[in-house]
Structures are given as structure tokens and as C-alpha cells.
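Just below is one structure, and these are the notes that go with it.
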Amino acid sequence: MEVTKYAVDVILDPDTAHDELILSADGKQVRDSDSSQSRPDNPKRFDRVVSILGKQGFTSGRFYYEVQVSGKTAWVLGVARESINRKGGITLTPKNGYWTIQLRNGDEYEALADPSVLLSLKEKPERVGVFVDYEAGLVSFHDADRWNLIYSFRGVSFKEKIYPFFSPSLHDGGKNSCPLIITQISCPK
């Protein structure tokens, strides 16, 4: 199935952004700053986990977006349901409403399932594509440059609105200072 035809234009939602996150003016890039941005607290904002959601949620159909992850040593990407807990410590698992994969320590990829699944990737992805089929209960992650499947969550029963989820992870003294960048979808070669 050609997932790029389901491409959506994802914009980051500043109302959900953790206080340390810096967003670009166009809402397409996010990075951790290691310092507070003095945002007003609200129920939608993540207060402990450096995360942000996309503005548009989905309750049906299929959608796809791509995120540039090059230059980063850690990140988390995926989707989350609207009713997720955004306050305090959060465990990113499907049981808690998160369907995500992560990079940590520069080269450890993991699907945050229950229990988590270590992923063995031949090559480090520069761009990760996230595809969701709401009715089929599918969330899949792809190396968008090589068109390789990274991981799929299957048999998911979505019962509410879901949103694109992003965490650029901590700045790590500059080692992880590159932003996550939501990219324009390019056609496969």
C-alpha cells in the first residue's frame, strides 16, 4: 500500500508543549532548550515529559506524516489518544494511550509496547514515517528514505481522537540539540 497518498499536514500544538520545548514559527520543528520558556500551565500541556502533540486529531481514516530525526541521539515518535495523562511521570505504552517508538543512547531503537521491543535496524533512519489506519487498528513506522518497515502496532482499538505525538528528548548538554522536523512528503523514487 502506498502510504504517502495519506499524507497530512501536521502542525505542532503550542498549547500542549512542555515548558522547555522551543517551536519554530511555522510549527514544524521542535527541540529541547534545557531551560523554561515560561508558558502558562493549562490542562493540555505536558508538565514533566518533554513532549508535544500535533494540533489536528483524527477519529477515522488513514493518515501519514514524516519526521526528520537526523543528528539526534534520542527521540520518541508516534500517536497518542486525546485522554492521555499529560501531568507528572508518564509511561509511554499502548495501555496508557501511546503507540510510539524511540531512539535512545544514539543507537538503541525500541517500540514502546508492553513489554517494550528492542528493534534491530540495519541503518539509522534520517526520516521516520508514521502511518495510521484508524479502522484497521494499525500504527506503523517506516524508514522514509529506504521504504523499510521499522515496527507496527496491530489490532489497536482506537475509541477516541488520536494525535501525532513528538518528543525531541532532552538537550543532553548539546549532544541532542537538533530539532525534530516535520517534513514535506516526497514521492518515492
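In the C-alpha cells, the first chain shown is A, the next is B, and so on; residue numbers restart at 1 for each chain, and ligands run from 1 in the order shown.
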
List every residue of segment 9-66 of chain A that has an atom at most 12 Å from any atom of segment 148-160 of chain A, giving for each one its closest atom pair and the distance in Å to one decimal, counting only C-alpha atoms, sorted by chain and then by ascending residue number, as CSV.
residue,atom,partner,partner_atom,distance
A:Gly57,CA,A:Glu160,CA,9.5
A:Phe58,CA,A:Glu160,CA,8.4
A:Thr59,CA,A:Glu160,CA,6.3
A:Ser60,CA,A:Phe158,CA,9.1
A:Gly61,CA,A:Phe158,CA,11.5

Written selection (N, CA, C and O atoms) as a CSV table (one decimal), in the first residue's frame:
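Dumped to result23.csv:
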chain,number,residue,atom,x,y,z
A,57,GLY,N,-6.4,16.3,15.4
A,57,GLY,CA,-6.6,15.0,15.9
A,57,GLY,C,-7.4,14.2,14.8
A,57,GLY,O,-8.0,14.8,13.9
A,58,PHE,N,-7.5,12.9,14.9
A,58,PHE,CA,-8.2,12.1,13.9
A,58,PHE,C,-9.1,11.0,14.6
A,58,PHE,O,-8.7,10.5,15.6
A,59,THR,N,-10.3,10.9,14.1
A,59,THR,CA,-11.2,9.9,14.6
A,59,THR,C,-11.6,8.8,13.6
A,59,THR,O,-12.5,8.0,13.9
A,60,SER,N,-11.0,8.9,12.4
A,60,SER,CA,-11.3,7.9,11.4
A,60,SER,C,-10.3,8.0,10.3
A,60,SER,O,-9.5,8.9,10.2
A,61,GLY,N,-10.3,7.0,9.4
A,61,GLY,CA,-9.5,7.1,8.2
A,61,GLY,C,-8.0,6.7,8.4
A,61,GLY,O,-7.6,6.1,9.4

Using only C-alpha atoms, which protein or nucleic acid residues come within 9 Å of Glu82 of chain A? Drop anything in the same chain fewer than 3 positions from it, and give the result as a compact mmCIF listing (two decimals) with N, CA and C atoms, in the first residue's frame.
# COMPACT_ATOMS: atom_id res chain seq x y z
N GLY A 57 -6.37 16.33 15.43
CA GLY A 57 -6.62 14.96 15.86
C GLY A 57 -7.43 14.22 14.81
N ASN A 85 -2.80 11.06 30.04
CA ASN A 85 -2.34 11.87 31.15
C ASN A 85 -1.16 12.70 30.68
N GLY A 97 -2.30 4.74 26.32
CA GLY A 97 -2.77 5.56 25.20
C GLY A 97 -1.68 6.10 24.30
N GLU A 160 -11.26 6.88 20.58
CA GLU A 160 -11.36 8.34 20.70
C GLU A 160 -10.38 8.98 19.74
N LYS A 161 -10.35 10.30 19.75
CA LYS A 161 -9.46 11.05 18.87
C LYS A 161 -8.00 10.75 19.21
N ILE A 162 -7.18 10.59 18.17
CA ILE A 162 -5.75 10.39 18.38
C ILE A 162 -4.97 11.52 17.69
N TYR A 163 -3.80 11.81 18.25
CA TYR A 163 -2.98 12.93 17.80
C TYR A 163 -1.55 12.47 17.53

Query raised in the report: Where does DSSP see strand (DSSP E or B) in chain A, if you list the residues as a PyMOL selection string?
Result: chain A and resi 7+12+21-23+29-32+52-54+58+62-68+75-81+98-104+108-111+117-119+127-133+138-143+148-153+162-167+180-183

**Report entry** Closest of A:Leu118, A:Val10, A:Ala80, A:Ile22 to Gln56 of chain A - atom-to-atom distances counting only C-alpha atoms
**Finding:**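 Distance minimum relative to Gln56 of chain A lands on A:Val10.
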
Report summary line: Judged by only C-alpha atoms, the minimum distance to Ile90 of chain A among A:Val128, A:Val8, A:Val50, A:Leu119 is found for A:Val50

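Taking only C-alpha atoms, the non-local environment of Asp133 of chain A within 9 Å (same-chain residues fewer than 4 positions away omitted) comprises Ser60, Gly61, Arg62, Phe63, Tyr64, Gly137, Leu138, Val139 and Ser140 of chain A.
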
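Residues within 12 Å of segment 121-124 of chain A, counting only C-alpha atoms and excluding same-chain residues fewer than 3 positions away, are Gln68, Val69, Ser70, Gly71, Lys72, Thr73, Leu103, Gly106, Asp107, Glu108, Tyr109, Glu110, Ala111, Leu118, Arg127, Val128, His142, Asp143, Ala144, Asp145, Arg146, Trp147, Asn148, Leu149, Ile150 and Tyr151 of chain A.
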
Selected residues, N, CA, C and O atoms, written as a short mmCIF file (atom, residue, chain, number, x, y, z; two decimals), in the first residue's frame, please.
data_model
loop_
_atom_site.label_atom_id
_atom_site.label_comp_id
_atom_site.auth_asym_id
_atom_site.auth_seq_id
_atom_site.Cartn_x
_atom_site.Cartn_y
_atom_site.Cartn_z
N GLN A 68 11.92 14.33 10.26
CA GLN A 68 13.37 14.24 10.14
C GLN A 68 13.97 14.09 11.53
O GLN A 68 13.71 14.91 12.41
N VAL A 69 14.77 13.03 11.71
CA VAL A 69 15.36 12.73 13.02
C VAL A 69 16.89 12.74 12.95
O VAL A 69 17.56 12.40 13.93
N SER A 70 17.45 13.14 11.81
CA SER A 70 18.91 13.08 11.63
C SER A 70 19.61 14.00 12.63
O SER A 70 19.10 15.06 13.00
N GLY A 71 20.76 13.55 13.09
CA GLY A 71 21.57 14.33 14.03
C GLY A 71 21.16 14.18 15.48
O GLY A 71 21.79 14.75 16.36
N LYS A 72 20.10 13.42 15.74
CA LYS A 72 19.62 13.29 17.11
C LYS A 72 20.14 12.00 17.75
O LYS A 72 20.37 11.01 17.07
N THR A 73 20.32 12.03 19.07
CA THR A 73 20.75 10.85 19.82
C THR A 73 19.59 10.20 20.56
O THR A 73 19.71 9.10 21.06
N LEU A 103 14.31 6.32 19.94
CA LEU A 103 15.76 6.15 19.86
C LEU A 103 16.30 6.67 21.18
O LEU A 103 15.88 7.73 21.66
N GLY A 106 21.73 7.16 21.28
CA GLY A 106 22.33 7.28 19.95
C GLY A 106 22.10 6.14 18.99
O GLY A 106 22.09 6.33 17.78
N ASP A 107 21.88 4.90 19.51
CA ASP A 107 21.75 3.77 18.59
C ASP A 107 20.83 2.66 19.08
O ASP A 107 20.83 1.56 18.52
N GLU A 108 20.04 2.91 20.12
CA GLU A 108 19.13 1.88 20.63
C GLU A 108 17.69 2.25 20.25
O GLU A 108 17.14 3.22 20.76
N TYR A 109 17.12 1.44 19.35
CA TYR A 109 15.75 1.67 18.90
C TYR A 109 14.82 0.71 19.62
O TYR A 109 15.17 -0.46 19.84
N GLU A 110 13.64 1.20 19.96
CA GLU A 110 12.73 0.41 20.76
C GLU A 110 11.30 0.78 20.43
O GLU A 110 10.98 1.95 20.25
N ALA A 111 10.43 -0.23 20.33
CA ALA A 111 8.99 0.02 20.24
C ALA A 111 8.48 -0.01 21.67
O ALA A 111 8.72 -0.97 22.41
N LEU A 118 12.96 -4.37 21.60
CA LEU A 118 14.18 -3.82 21.01
C LEU A 118 14.12 -4.04 19.51
O LEU A 118 13.75 -5.12 19.05
N ARG A 127 14.79 9.96 8.28
CA ARG A 127 13.40 10.39 8.37
C ARG A 127 12.55 9.18 8.73
O ARG A 127 12.73 8.12 8.16
N VAL A 128 11.63 9.38 9.66
CA VAL A 128 10.71 8.31 10.07
C VAL A 128 9.31 8.69 9.62
O VAL A 128 8.83 9.79 9.89
N HIS A 142 8.06 3.68 9.53
CA HIS A 142 8.85 3.33 8.35
C HIS A 142 10.10 4.19 8.28
O HIS A 142 10.08 5.37 8.68
N ASP A 143 11.18 3.62 7.74
CA ASP A 143 12.34 4.41 7.34
C ASP A 143 11.92 5.06 6.03
O ASP A 143 11.82 4.39 4.99
N ALA A 144 11.64 6.35 6.06
CA ALA A 144 11.02 7.03 4.93
C ALA A 144 11.96 7.17 3.73
O ALA A 144 11.49 7.39 2.61
N ASP A 145 13.26 7.05 3.92
CA ASP A 145 14.20 7.15 2.80
C ASP A 145 14.39 5.82 2.09
O ASP A 145 14.64 5.78 0.90
N ARG A 146 14.30 4.73 2.82
CA ARG A 146 14.55 3.41 2.24
C ARG A 146 13.26 2.60 2.08
O ARG A 146 13.29 1.51 1.55
N TRP A 147 12.14 3.12 2.55
CA TRP A 147 10.84 2.47 2.50
C TRP A 147 10.86 1.11 3.19
O TRP A 147 10.26 0.14 2.73
N ASN A 148 11.57 1.05 4.31
CA ASN A 148 11.60 -0.15 5.14
C ASN A 148 10.66 0.01 6.32
O ASN A 148 10.63 1.07 6.94
N LEU A 149 9.94 -1.07 6.66
CA LEU A 149 9.11 -1.07 7.85
C LEU A 149 10.01 -1.19 9.08
O LEU A 149 10.91 -2.03 9.11
N ILE A 150 9.79 -0.32 10.06
CA ILE A 150 10.55 -0.37 11.32
C ILE A 150 9.79 -1.21 12.35
O ILE A 150 10.33 -2.11 12.97
N TYR A 151 8.48 -0.90 12.52
CA TYR A 151 7.67 -1.62 13.51
C TYR A 151 6.20 -1.30 13.27
O TYR A 151 5.87 -0.21 12.78
#

Requested in this report: For each of A:Pro168, A:Pro40, A:Gly78, A:Gly27, take the minimum atom-to-atom distance to Thr183 of chain A, counting only C-alpha atoms, then give the residue where this is smallest.
Outcome: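 The answer is A:Gly27, which sits nearest to Thr183 of chain A.
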
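Backbone DSSP over chain A gives helix (DSSP H, G or I) for Val3, Thr4, Lys5, Tyr6, Pro14, Asp15, Thr16, Pro94, Lys95, Asn96, Asp172, Gly173 and Gly174 of chain A.
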
Query raised in the report: Nearest to Val67 of chain A among A:Trp99, A:Tyr6, A:Phe166, A:Phe46, with distances taken over only C-alpha atoms: which residue is it?
Result: A:Phe166
